[in-house]
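Student: start.cif is reproduced in full below (mmCIF, C-alpha atoms and all ligand atoms).
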```cif
data_data
#
loop_
_atom_site.label_atom_id
_atom_site.label_comp_id
_atom_site.auth_asym_id
_atom_site.auth_seq_id
_atom_site.Cartn_x
_atom_site.Cartn_y
_atom_site.Cartn_z
CA MET A 1 -123.97 94.70 23.37
CA ASN A 2 -123.05 97.31 20.82
CA PRO A 3 -125.84 99.86 20.55
CA THR A 4 -125.83 100.03 16.76
CA GLY A 5 -126.24 96.26 16.49
CA THR A 6 -129.09 96.41 19.00
CA PHE A 7 -130.81 99.15 17.05
CA ASP A 8 -130.43 97.25 13.77
CA LYS A 9 -132.10 94.22 15.32
CA LEU A 10 -134.94 96.37 16.62
CA ALA A 11 -135.41 98.06 13.26
CA ARG A 12 -135.58 94.67 11.54
CA ARG A 13 -138.10 93.46 14.08
CA ILE A 14 -140.28 96.55 13.53
CA GLU A 15 -140.10 95.97 9.78
CA GLN A 16 -141.48 92.46 10.37
CA PHE A 17 -144.43 94.01 12.22
CA ARG A 18 -145.46 96.05 9.15
CA ASP A 19 -148.60 94.02 8.33
CA GLU A 20 -149.66 93.84 11.97
CA MET A 21 -149.30 97.61 12.18
CA VAL A 22 -151.54 98.13 9.15
CA ASP A 23 -154.02 95.68 10.65
CA LEU A 24 -154.14 97.61 13.92
CA GLN A 25 -154.68 100.84 11.97
CA MET A 26 -157.72 99.30 10.28
CA ARG A 27 -159.20 98.03 13.54
CA LEU A 28 -158.74 101.39 15.24
CA CYS A 29 -160.25 103.21 12.28
CA ALA A 30 -163.38 101.04 12.55
CA ILE A 31 -164.13 102.50 16.00
CA PRO A 32 -165.03 106.16 15.32
CA ALA A 33 -163.98 108.12 18.41
CA ILE A 34 -165.62 111.47 17.75
CA ALA A 35 -166.09 113.93 20.62
CA PRO A 36 -169.67 114.31 21.97
CA SER A 37 -169.50 118.04 21.18
CA SER A 38 -168.83 117.09 17.54
CA GLY A 39 -171.78 114.69 17.48
CA GLY A 40 -170.00 111.45 18.42
CA GLU A 41 -169.96 109.05 21.37
CA GLY A 42 -166.45 109.81 22.59
CA GLU A 43 -163.47 107.48 22.86
CA ALA A 44 -164.65 104.83 25.38
CA LYS A 45 -165.00 101.93 22.89
CA LYS A 46 -161.67 102.68 21.26
CA ALA A 47 -160.07 102.94 24.70
CA ASP A 48 -161.47 99.53 25.74
CA PHE A 49 -160.01 98.02 22.59
CA LEU A 50 -156.61 99.65 23.24
CA ILE A 51 -156.55 98.48 26.86
CA GLU A 52 -157.08 94.92 25.60
CA PHE A 53 -154.20 95.40 23.18
CA LEU A 54 -151.91 96.81 25.88
CA LYS A 55 -152.66 93.94 28.25
CA ALA A 56 -152.28 91.30 25.54
CA ASN A 57 -148.87 92.77 24.76
CA GLU A 58 -147.76 92.81 28.38
CA PHE A 59 -147.57 96.53 28.96
CA VAL A 60 -147.54 97.07 32.74
CA ASP A 61 -149.45 99.34 35.12
CA VAL A 62 -152.11 99.98 32.51
CA THR A 63 -154.23 102.75 34.02
CA LEU A 64 -157.52 104.20 32.84
CA ILE A 65 -158.10 107.77 33.99
CA LYS A 66 -161.71 108.79 33.51
CA ALA A 67 -162.35 112.48 32.97
CA PRO A 68 -166.03 113.05 33.82
CA ASP A 69 -168.12 114.19 30.86
CA LEU A 70 -171.90 114.13 31.16
CA ASP A 71 -172.25 114.56 27.39
CA ALA A 72 -170.48 111.25 26.72
CA PRO A 73 -172.77 108.16 26.72
CA ASP A 74 -170.53 106.46 29.30
CA GLY A 75 -170.23 109.61 31.41
CA TYR A 76 -166.47 109.92 31.01
CA ARG A 77 -163.64 110.45 28.55
CA PRO A 78 -160.90 107.81 28.77
CA ASN A 79 -157.20 108.58 29.21
CA ILE A 80 -154.84 105.61 29.25
CA LEU A 81 -151.33 105.31 30.65
CA ALA A 82 -149.18 102.19 30.21
CA TYR A 83 -145.54 101.36 30.84
CA TYR A 84 -142.66 99.20 29.77
CA ARG A 85 -140.12 99.15 32.56
CA GLY A 86 -136.47 99.97 32.02
CA LYS A 87 -133.41 99.40 34.21
CA SER A 88 -134.13 102.57 36.17
CA SER A 89 -137.33 104.44 36.94
CA ALA A 90 -135.53 107.75 37.47
CA ARG A 91 -136.84 108.98 34.16
CA THR A 92 -139.63 108.04 31.76
CA VAL A 93 -139.58 108.46 28.00
CA TRP A 94 -143.16 109.32 27.05
CA ILE A 95 -144.94 109.20 23.76
CA MET A 96 -148.38 110.76 23.89
CA THR A 97 -150.95 110.38 21.15
CA HIS A 98 -154.69 111.01 21.12
CA THR A 99 -157.52 108.58 20.52
CA ASP A 100 -160.20 111.02 19.31
CA VAL A 101 -160.75 111.83 15.65
CA VAL A 102 -162.59 114.65 13.91
CA PRO A 103 -165.83 113.95 11.98
CA PRO A 104 -165.35 112.85 8.35
CA GLY A 105 -166.96 115.97 6.91
CA GLU A 106 -168.60 115.85 3.46
CA LEU A 107 -168.88 112.11 2.70
CA SER A 108 -169.13 112.59 -1.05
CA LEU A 109 -165.55 113.88 -1.03
CA TRP A 110 -164.27 110.52 0.24
CA ARG A 111 -163.28 107.78 -2.19
CA GLY A 112 -164.33 105.13 0.34
CA ASN A 113 -165.91 104.70 3.77
CA PRO A 114 -163.88 106.88 6.17
CA PHE A 115 -164.36 104.32 8.95
CA LYS A 116 -163.48 101.28 6.86
CA ALA A 117 -159.80 101.91 6.18
CA TRP A 118 -158.36 100.80 2.87
CA VAL A 119 -154.82 100.35 1.56
CA GLU A 120 -153.68 101.84 -1.72
CA LYS A 121 -150.14 102.32 -3.05
CA GLY A 122 -148.35 102.08 0.28
CA ARG A 123 -150.88 104.20 2.14
CA VAL A 124 -153.70 103.48 4.57
CA TYR A 125 -156.73 105.71 4.02
CA GLY A 126 -159.40 106.54 6.62
CA ARG A 127 -160.38 109.08 9.26
CA GLY A 128 -157.77 109.22 12.01
CA VAL A 129 -155.13 107.09 10.29
CA GLU A 130 -152.64 109.96 10.24
CA ASP A 131 -154.10 112.09 13.04
CA ASN A 132 -153.16 110.51 15.36
CA GLN A 133 -153.08 106.74 14.79
CA GLN A 134 -149.95 106.71 12.65
CA ASP A 135 -147.78 107.51 15.64
CA MET A 136 -150.01 105.78 18.17
CA VAL A 137 -149.47 102.50 16.32
CA ALA A 138 -145.78 103.37 15.82
CA SER A 139 -145.27 103.95 19.56
CA LEU A 140 -147.04 100.70 20.49
CA PHE A 141 -144.97 98.62 18.08
CA ALA A 142 -141.70 100.31 19.05
CA VAL A 143 -142.35 98.94 22.55
CA LYS A 144 -143.54 95.60 21.23
CA ALA A 145 -140.25 95.25 19.34
CA LEU A 146 -138.24 95.90 22.52
CA ARG A 147 -140.10 93.10 24.26
CA ALA A 148 -139.76 90.74 21.30
CA GLU A 149 -136.00 91.31 21.32
CA GLY A 150 -135.79 90.99 25.10
CA ILE A 151 -134.24 94.45 25.42
CA VAL A 152 -134.48 96.35 28.70
CA PRO A 153 -133.83 100.05 28.03
CA SER A 154 -132.12 102.29 30.57
CA SER A 155 -135.26 104.32 31.34
CA ASP A 156 -138.92 103.47 31.73
CA ILE A 157 -141.12 103.96 28.70
CA GLY A 158 -144.57 105.49 29.09
CA ILE A 159 -147.33 105.37 26.53
CA ALA A 160 -150.12 107.90 26.97
CA LEU A 161 -153.28 107.54 24.87
CA VAL A 162 -155.46 110.52 25.66
CA ALA A 163 -158.93 111.77 24.79
CA ASP A 164 -160.34 115.13 23.71
CA GLU A 165 -157.37 116.53 21.78
CA GLU A 166 -159.49 117.84 18.93
CA THR A 167 -161.81 119.91 21.11
CA GLY A 168 -159.40 121.49 23.56
CA SER A 169 -157.90 118.68 25.73
CA ARG A 170 -159.82 119.68 28.86
CA LYS A 171 -161.06 116.09 29.28
CA GLY A 172 -157.77 114.79 27.95
CA ILE A 173 -154.16 115.57 28.84
CA ASP A 174 -155.19 118.73 30.68
CA TYR A 175 -157.31 116.62 33.05
CA VAL A 176 -154.50 114.08 33.53
CA LEU A 177 -151.96 116.80 34.34
CA GLN A 178 -154.27 118.50 36.82
CA ASN A 179 -155.36 115.37 38.65
CA HIS A 180 -152.41 112.97 38.52
CA LYS A 181 -148.75 113.56 39.23
CA VAL A 182 -147.38 111.12 36.67
CA PHE A 183 -145.03 113.34 34.67
CA ARG A 184 -141.70 114.62 35.94
CA ARG A 185 -139.49 117.44 34.71
CA GLU A 186 -136.66 115.07 33.79
CA ASP A 187 -138.95 112.92 31.63
CA LEU A 188 -138.63 113.06 27.86
CA ILE A 189 -142.05 113.89 26.42
CA ILE A 190 -142.66 113.33 22.73
CA VAL A 191 -145.96 114.46 21.23
CA PRO A 192 -146.38 113.39 17.60
CA ASP A 193 -148.94 116.08 16.85
CA ALA A 194 -146.95 118.15 14.35
CA GLY A 195 -144.37 117.42 11.72
CA ASN A 196 -143.44 117.78 8.10
CA GLU A 197 -143.03 115.60 5.02
CA THR A 198 -139.32 115.07 5.54
CA GLY A 199 -139.42 114.42 9.29
CA THR A 200 -137.00 117.30 9.89
CA MET A 201 -139.19 119.52 12.05
CA ILE A 202 -139.05 119.20 15.82
CA GLU A 203 -141.67 121.64 17.03
CA VAL A 204 -140.68 123.39 20.27
CA ALA A 205 -142.46 126.74 20.23
CA GLU A 206 -145.55 128.46 18.99
CA LYS A 207 -146.73 131.97 18.38
CA SER A 208 -149.54 133.57 20.37
CA LEU A 209 -152.80 133.69 18.51
CA LEU A 210 -155.19 136.63 18.43
CA TRP A 211 -158.34 136.72 16.28
CA LEU A 212 -160.27 139.97 16.32
CA LYS A 213 -163.56 141.09 14.82
CA PHE A 214 -163.75 144.81 14.02
CA LYS A 215 -167.10 146.51 13.69
CA THR A 216 -166.91 150.05 12.30
CA LEU A 217 -170.06 152.10 12.87
CA GLY A 218 -170.85 155.16 10.75
CA ARG A 219 -174.20 156.43 9.48
CA GLN A 220 -176.12 155.09 6.50
CA ALA A 221 -177.16 157.55 3.78
CA HIS A 222 -178.19 157.75 0.15
CA GLY A 223 -175.33 157.31 -2.31
CA SER A 224 -176.03 160.74 -3.80
CA THR A 225 -175.69 162.53 -0.43
CA PRO A 226 -172.64 161.08 1.30
CA GLU A 227 -172.30 164.25 3.39
CA LYS A 228 -175.46 163.25 5.24
CA GLY A 229 -173.94 159.96 6.36
CA ILE A 230 -170.64 158.58 7.61
CA ASN A 231 -169.13 155.97 5.29
CA SER A 232 -168.18 153.07 7.55
CA PHE A 233 -166.63 151.09 4.69
CA LYS A 234 -164.32 153.96 3.75
CA ALA A 235 -163.24 154.47 7.37
CA ALA A 236 -162.70 150.74 7.83
CA SER A 237 -160.57 150.67 4.68
CA PHE A 238 -158.26 153.35 6.12
CA PHE A 239 -158.31 151.40 9.38
CA VAL A 240 -157.29 148.11 7.76
CA ALA A 241 -154.47 149.90 5.95
CA ALA A 242 -153.34 151.54 9.22
CA LEU A 243 -153.31 148.17 10.97
CA ASN A 244 -150.49 147.18 8.64
CA ASP A 245 -148.31 149.43 10.85
CA LEU A 246 -148.39 146.61 13.40
CA TYR A 247 -145.64 145.03 11.32
CA LYS A 248 -143.52 148.14 12.04
CA ALA A 249 -144.52 148.30 15.70
CA TYR A 250 -143.55 144.65 16.29
CA PRO A 251 -140.68 144.06 13.86
CA ALA A 252 -138.67 141.49 15.86
CA ARG A 253 -137.45 138.36 14.09
CA ASP A 254 -136.95 134.92 15.61
CA ARG A 255 -135.24 132.40 13.35
CA LEU A 256 -136.86 129.50 15.20
CA PHE A 257 -140.04 130.39 13.31
CA ASP A 258 -140.99 130.26 9.67
CA PRO A 259 -142.00 132.98 8.87
CA PRO A 260 -139.62 134.51 11.47
CA ILE A 261 -141.89 137.48 12.24
CA SER A 262 -145.20 138.24 13.90
CA THR A 263 -148.01 138.42 11.35
CA PHE A 264 -151.11 140.68 11.36
CA GLU A 265 -153.41 139.86 8.47
CA PRO A 266 -156.93 141.07 7.69
CA THR A 267 -158.88 137.98 6.62
CA LYS A 268 -162.65 137.56 6.67
CA LYS A 269 -164.91 140.34 5.37
CA GLU A 270 -168.65 140.49 5.98
CA ALA A 271 -170.97 141.86 3.33
CA ASN A 272 -172.40 145.31 3.96
CA VAL A 273 -175.14 146.94 1.89
CA PRO A 274 -176.59 144.86 -0.98
CA ASN A 275 -176.95 147.79 -3.38
CA VAL A 276 -174.53 150.23 -4.96
CA ASN A 277 -176.33 153.47 -4.13
CA THR A 278 -176.24 153.31 -0.33
CA ILE A 279 -173.46 154.69 1.88
CA PRO A 280 -172.86 151.81 4.29
CA GLY A 281 -173.36 152.60 7.96
CA GLU A 282 -171.74 149.44 9.30
CA ASP A 283 -168.63 147.50 8.29
CA VAL A 284 -167.24 144.25 9.69
CA PHE A 285 -163.88 142.61 9.04
CA TYR A 286 -161.60 140.25 10.92
CA MET A 287 -157.89 139.98 11.59
CA ASP A 288 -155.74 136.93 12.28
CA SER A 289 -152.57 137.75 14.26
CA ARG A 290 -149.76 135.31 15.09
CA ILE A 291 -147.46 136.96 17.57
CA LEU A 292 -143.93 135.92 18.54
CA PRO A 293 -143.87 134.66 22.16
CA LYS A 294 -141.53 137.50 23.22
CA PHE A 295 -144.40 140.02 22.88
CA LYS A 296 -147.39 140.28 25.20
CA VAL A 297 -150.74 139.91 23.46
CA GLN A 298 -152.17 142.72 25.63
CA ASP A 299 -149.52 145.10 24.30
CA VAL A 300 -150.57 144.33 20.73
CA GLN A 301 -154.21 144.91 21.70
CA ARG A 302 -153.23 148.26 23.22
CA THR A 303 -151.48 149.30 19.99
CA ILE A 304 -154.56 148.28 18.01
CA ARG A 305 -156.76 150.43 20.25
CA THR A 306 -154.49 153.42 19.64
CA ILE A 307 -154.68 152.93 15.86
CA ALA A 308 -158.47 152.55 16.08
CA ALA A 309 -158.77 155.76 18.15
CA GLY A 310 -156.94 157.70 15.42
CA ILE A 311 -159.38 156.45 12.77
CA GLU A 312 -162.38 157.20 15.02
CA ARG A 313 -161.23 160.82 15.42
CA LYS A 314 -160.48 161.32 11.76
CA PHE A 315 -163.65 159.74 10.31
CA LYS A 316 -166.08 160.27 13.22
CA VAL A 317 -166.88 156.56 13.39
CA LYS A 318 -166.98 154.13 16.32
CA ILE A 319 -164.80 151.02 16.10
CA ARG A 320 -165.55 148.03 18.29
CA ALA A 321 -162.98 145.25 18.57
CA GLU A 322 -164.24 141.89 19.75
CA VAL A 323 -161.89 139.01 20.63
CA GLN A 324 -162.85 135.87 18.70
CA GLN A 325 -159.96 133.82 19.96
CA LYS A 326 -156.96 134.61 22.11
CA ALA A 327 -154.34 132.03 22.99
CA PRO A 328 -151.11 133.36 24.48
CA ALA A 329 -148.18 131.12 23.53
CA ALA A 330 -146.92 128.58 26.04
CA PRO A 331 -143.30 129.01 27.15
CA PRO A 332 -141.15 127.40 24.44
CA THR A 333 -139.21 124.18 24.97
CA SER A 334 -135.49 124.90 24.66
CA ALA A 335 -133.86 123.85 21.39
CA GLN A 336 -131.18 122.32 23.65
CA ALA A 337 -133.64 120.24 25.71
CA PRO A 338 -132.72 116.52 26.04
CA VAL A 339 -135.91 115.47 24.22
CA VAL A 340 -134.90 117.57 21.20
CA GLN A 341 -131.37 116.16 21.18
CA ALA A 342 -132.66 112.59 21.47
CA LEU A 343 -135.06 113.07 18.54
CA LYS A 344 -132.31 114.64 16.40
CA LYS A 345 -130.06 111.61 16.91
CA ALA A 346 -132.88 109.18 16.18
CA VAL A 347 -134.06 111.00 13.02
CA LYS A 348 -130.48 111.07 11.74
CA ALA A 349 -130.10 107.32 12.36
CA VAL A 350 -133.41 106.32 10.75
CA TYR A 351 -134.07 108.90 8.05
CA GLY A 352 -130.49 110.13 7.49
CA LYS A 353 -131.67 113.73 7.86
CA ASP A 354 -130.76 116.62 10.14
CA ALA A 355 -133.88 117.60 12.05
CA LYS A 356 -134.06 120.99 13.72
CA ALA A 357 -136.00 122.70 16.46
CA MET A 358 -138.64 125.03 15.05
CA GLY A 359 -141.57 127.18 16.04
CA ILE A 360 -144.95 127.20 14.27
CA GLY A 361 -147.80 129.65 13.90
CA GLY A 362 -150.56 127.40 15.22
CA GLY A 363 -151.02 125.66 18.54
CA THR A 364 -150.31 122.02 19.37
CA VAL A 365 -151.33 119.91 22.34
CA ALA A 366 -147.70 120.04 23.54
CA ALA A 367 -148.54 123.54 24.79
CA VAL A 368 -150.58 121.94 27.59
CA PHE A 369 -147.38 120.26 28.83
CA ARG A 370 -145.30 123.42 28.34
CA ARG A 371 -147.73 125.53 30.35
CA ALA A 372 -147.45 122.95 33.15
CA GLY A 373 -143.64 123.29 33.05
CA PHE A 374 -142.72 120.16 31.07
CA PRO A 375 -140.42 120.59 28.05
CA ALA A 376 -142.37 118.59 25.47
CA ALA A 377 -141.42 118.34 21.79
CA CYS A 378 -143.64 117.57 18.82
CA TRP A 379 -142.29 115.39 16.07
CA SER A 380 -143.60 113.11 13.31
CA LYS A 381 -142.98 112.49 9.63
CA LEU A 382 -146.28 113.18 7.93
CA ASP A 383 -148.03 114.65 4.93
CA GLU A 384 -150.47 116.74 6.98
CA THR A 385 -153.65 115.20 5.59
CA ALA A 386 -155.27 115.50 9.02
CA HIS A 387 -158.93 116.62 9.02
CA GLN A 388 -159.15 116.32 5.23
CA PRO A 389 -161.26 113.95 3.15
CA ASN A 390 -159.23 110.87 2.13
CA GLU A 391 -156.88 111.34 5.09
CA TYR A 392 -154.01 108.90 4.71
CA CYS A 393 -150.95 107.56 6.48
CA ILE A 394 -147.88 106.53 4.50
CA ILE A 395 -147.13 103.05 5.79
CA ASP A 396 -143.36 103.64 5.52
CA ASN A 397 -143.74 106.70 7.77
CA MET A 398 -145.58 104.64 10.37
CA VAL A 399 -142.93 101.90 10.33
CA CYS A 400 -139.95 104.27 10.30
CA ASP A 401 -141.43 106.54 12.99
CA ALA A 402 -141.60 103.40 15.15
CA GLU A 403 -137.88 102.94 14.46
CA VAL A 404 -137.23 106.55 15.49
CA TYR A 405 -139.03 105.92 18.80
CA SER A 406 -137.14 102.68 19.36
CA HIS A 407 -133.88 104.57 18.77
CA VAL A 408 -134.87 107.14 21.42
CA PHE A 409 -135.74 104.28 23.81
CA LEU A 410 -132.26 102.79 23.37
CA GLN A 411 -130.41 106.03 24.08
CA GLU A 412 -128.83 106.29 27.55
ZN ZN A 501 -156.37 116.75 14.58
#
```
Let me see whether you can do it: turn the structure in this file into structure tokens.

Tutor:
Amino acid sequence: MNPTGTFDKLARRIEQFRDEMVDLQMRLCAIPAIAPSSGGEGEAKKADFLIEFLKANEFVDVTLIKAPDLDAPDGYRPNILAYYRGKSSARTVWIMTHTDVVPPGELSLWRGNPFKAWVEKGRVYGRGVEDNQQDMVASLFAVKALRAEGIVPSSDIGIALVADEETGSRKGIDYVLQNHKVFRREDLIIVPDAGNETGTMIEVAEKSLLWLKFKTLGRQAHGSTPEKGINSFKAASFFVAALNDLYKAYPARDRLFDPPISTFEPTKKEANVPNVNTIPGEDVFYMDSRILPKFKVQDVQRTIRTIAAGIERKFKVKIRAEVQQKAPAAPPTSAQAPVVQALKKAVKAVYGKDAKAMGIGGGTVAAVFRRAGFPAACWSKLDETAHQPNEYCIIDNMVCDAEVYSHVFLQE
């Protein structure tokens, strides 16, 4: 069989599934799978529904892995694995999506019921339809198309539908990786948890994240007698300006990332005194740093302490730095990794575009795989409406992403 002809047949078959795919989106959307820590009941009902779907569509070895969670009404968080067998089981091509969704937020901002999906101008609207159901449905129908066409791919295909992605993955893929040896280093692992509007970004790396709160302590005084106090706001202002030297201290560039540099930005500022005629004794501001993976976060913290010490000496203040969040980057997946090459070929065939390996400033769930030593890649074509009111999925993206996955499945 010529591979192009086979792919064309599969793509046509997926196109015929369009309405069924939209229908599945709507059914999934009607089962809100919000984490207990975000005020929901977890993913158990949605998982039961998906297990039914997998069995009805003859996926094999459907396994439910229950991560214990006393806060969930059923006492666990469901993680599902299912397979479609290929000619050889030496390698598995995985697509992992997550079943949980974030709360809808302010309901008045929605044009409809977030859990009663609606279709408008080629889009499905509802909570979870893009994040992460677009590619969950795409992965399921890519497999369904293989079966409908009677195609046996060279490798096994694995579908992973995991819980708890939105609140840290500890009861999700992290639990699966720690308790079950299902993944292998030679597997291709695709995580559709990041992407761009053109489908040209294959995310392989991330920057380390460091959020700090700085409290500068001086001494309050009357505005007319500043010499009797120590102006914390003035000292903190010199401090925030001095912190800009971090750009000079860590100037390296990495073209994998956009922007290609580490960033150190002062962000949130707390109010100090409410009146004009008081010298403020306390000042609080925050900094958001995104650090290229080649640098150690501790080294950056050490540099910050040195800068702070200089300001303390000069202005006779005390500066306390408090870590709000610290997430050292996972080891990047190589831009040459087989999963990246496979996605590039598939994106070219379906979307006619050259996708490239890239790094991003924020974390993705693929980092959990990378930390465990598996070279996972994130890819999807999406508008990034995740977590917003009126979240939507472009139906063409869902259908064509399914074609991309089916193309990867067909590759040797
Ligand atoms: Zn999300």

Student: Give as a ChimeraX atom specification the residues surrounding ligand ZN 501 (chain A) up to a distance of 7 Å, considering all atoms listed in the file.

Tutor: /A:101-102,131,166,386-387

Student: Write out as JSON lines a residue-level contact list of stretch 9-119 of chain A versus stretch 376-379 of chain A with cut-off 12 Å: for each qualifying residue the closest pair of atoms and the distance in Å to one decimal, counting all atoms listed in the file, rows sorted by chain and residue number upward.

Tutor:
```
{"residue": "A:Val93", "atom": "CA", "partner": "A:Ala376", "partner_atom": "CA", "distance": 10.8}
{"residue": "A:Trp94", "atom": "CA", "partner": "A:Ala376", "partner_atom": "CA", "distance": 9.4}
{"residue": "A:Ile95", "atom": "CA", "partner": "A:Cys378", "partner_atom": "CA", "distance": 9.8}
{"residue": "A:Met96", "atom": "CA", "partner": "A:Cys378", "partner_atom": "CA", "distance": 9.7}
{"residue": "A:Thr97", "atom": "CA", "partner": "A:Cys378", "partner_atom": "CA", "distance": 10.5}
```

Student: Would you mind reading off the distance between atom CA of A:Asn244 and atom CA of A:Lys316, one decimal, in Å?

Tutor: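 So the two atoms, atom CA of A:Asn244 and atom CA of A:Lys316, lie 20.9 Å apart.
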
Student: May I ask for the distance between atom CA of A:Gly363 and atom CA of A:Thr306, given in Å to one decimal place?

Tutor: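 Pair atom CA of A:Gly363 / atom CA of A:Thr306 returns 28.0 Å.
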
Student: Between atom CA of A:Ala145 and atom CA of A:Ser406, what distance in Å does the model show, to one decimal?

Tutor: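 Separation of atom CA of A:Ala145 and atom CA of A:Ser406: 8.1 Å.
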
Student: List every protein, DNA or RNA residue with an atom no more than 12 Å from (-163.3, 101.6, 10.0) in the file's coordinates, counting all atoms listed in the file, and format the result as an MDAnalysis selection string.

Tutor: chainID A and resid 23:33 46 101 104 112:118 124:129

Student: Assuming the input is short of atoms at stretch 380-386 of chain A, produce all heavy atoms for that part as a PDB file, in the frame of the given file.

Tutor:
```
ATOM      1  N   SER A 380    -143.057 114.225  14.092  1.00  0.00           N
ATOM      2  CA  SER A 380    -143.600 113.110  13.310  1.00  0.00           C
ATOM      3  C   SER A 380    -143.203 113.360  11.867  1.00  0.00           C
ATOM      4  O   SER A 380    -142.875 114.480  11.493  1.00  0.00           O
ATOM      5  CB  SER A 380    -145.124 113.081  13.435  1.00  0.00           C
ATOM      6  OG  SER A 380    -145.663 112.098  12.586  1.00  0.00           O
ATOM      7  N   LYS A 381    -143.185 112.299  11.068  1.00  0.00           N
ATOM      8  CA  LYS A 381    -142.980 112.490   9.630  1.00  0.00           C
ATOM      9  C   LYS A 381    -144.342 112.263   8.980  1.00  0.00           C
ATOM     10  O   LYS A 381    -144.875 111.156   9.000  1.00  0.00           O
ATOM     11  CB  LYS A 381    -141.966 111.492   9.083  1.00  0.00           C
ATOM     12  CG  LYS A 381    -141.669 111.648   7.593  1.00  0.00           C
ATOM     13  CD  LYS A 381    -140.493 110.755   7.202  1.00  0.00           C
ATOM     14  CE  LYS A 381    -140.029 110.991   5.782  1.00  0.00           C
ATOM     15  NZ  LYS A 381    -140.929 110.416   4.767  1.00  0.00           N
ATOM     16  N   LEU A 382    -144.928 113.332   8.476  1.00  0.00           N
ATOM     17  CA  LEU A 382    -146.280 113.180   7.930  1.00  0.00           C
ATOM     18  C   LEU A 382    -146.587 114.171   6.813  1.00  0.00           C
ATOM     19  O   LEU A 382    -145.894 115.165   6.636  1.00  0.00           O
ATOM     20  CB  LEU A 382    -147.332 113.261   9.036  1.00  0.00           C
ATOM     21  CG  LEU A 382    -147.188 114.267  10.169  1.00  0.00           C
ATOM     22  CD1 LEU A 382    -147.554 115.658   9.733  1.00  0.00           C
ATOM     23  CD2 LEU A 382    -148.087 113.853  11.320  1.00  0.00           C
ATOM     24  N   ASP A 383    -147.632 113.838   6.082  1.00  0.00           N
ATOM     25  CA  ASP A 383    -148.030 114.650   4.930  1.00  0.00           C
ATOM     26  C   ASP A 383    -149.087 115.687   5.269  1.00  0.00           C
ATOM     27  O   ASP A 383    -149.587 116.365   4.382  1.00  0.00           O
ATOM     28  CB  ASP A 383    -148.592 113.725   3.830  1.00  0.00           C
ATOM     29  CG  ASP A 383    -147.482 113.247   2.899  1.00  0.00           C
ATOM     30  OD1 ASP A 383    -146.301 113.472   3.232  1.00  0.00           O
ATOM     31  OD2 ASP A 383    -147.798 112.653   1.851  1.00  0.00           O
ATOM     32  N   GLU A 384    -149.450 115.773   6.543  1.00  0.00           N
ATOM     33  CA  GLU A 384    -150.470 116.740   6.980  1.00  0.00           C
ATOM     34  C   GLU A 384    -151.786 116.627   6.229  1.00  0.00           C
ATOM     35  O   GLU A 384    -152.299 117.584   5.670  1.00  0.00           O
ATOM     36  CB  GLU A 384    -149.921 118.171   6.886  1.00  0.00           C
ATOM     37  CG  GLU A 384    -148.721 118.381   7.807  1.00  0.00           C
ATOM     38  CD  GLU A 384    -148.261 119.824   7.845  1.00  0.00           C
ATOM     39  OE1 GLU A 384    -148.853 120.581   8.621  1.00  0.00           O
ATOM     40  OE2 GLU A 384    -147.332 120.183   7.109  1.00  0.00           O
ATOM     41  N   THR A 385    -152.329 115.391   6.194  1.00  0.00           N
ATOM     42  CA  THR A 385    -153.650 115.200   5.590  1.00  0.00           C
ATOM     43  C   THR A 385    -154.736 115.178   6.672  1.00  0.00           C
ATOM     44  O   THR A 385    -155.889 114.892   6.386  1.00  0.00           O
ATOM     45  CB  THR A 385    -153.726 113.881   4.784  1.00  0.00           C
ATOM     46  OG1 THR A 385    -153.512 112.787   5.681  1.00  0.00           O
ATOM     47  CG2 THR A 385    -152.683 113.867   3.693  1.00  0.00           C
ATOM     48  N   ALA A 386    -154.335 115.492   7.896  1.00  0.00           N
ATOM     49  CA  ALA A 386    -155.270 115.500   9.020  1.00  0.00           C
ATOM     50  C   ALA A 386    -156.485 116.374   8.719  1.00  0.00           C
ATOM     51  O   ALA A 386    -156.351 117.435   8.113  1.00  0.00           O
ATOM     52  CB  ALA A 386    -154.574 116.037  10.273  1.00  0.00           C
TER      53      ALA A 386
END
```
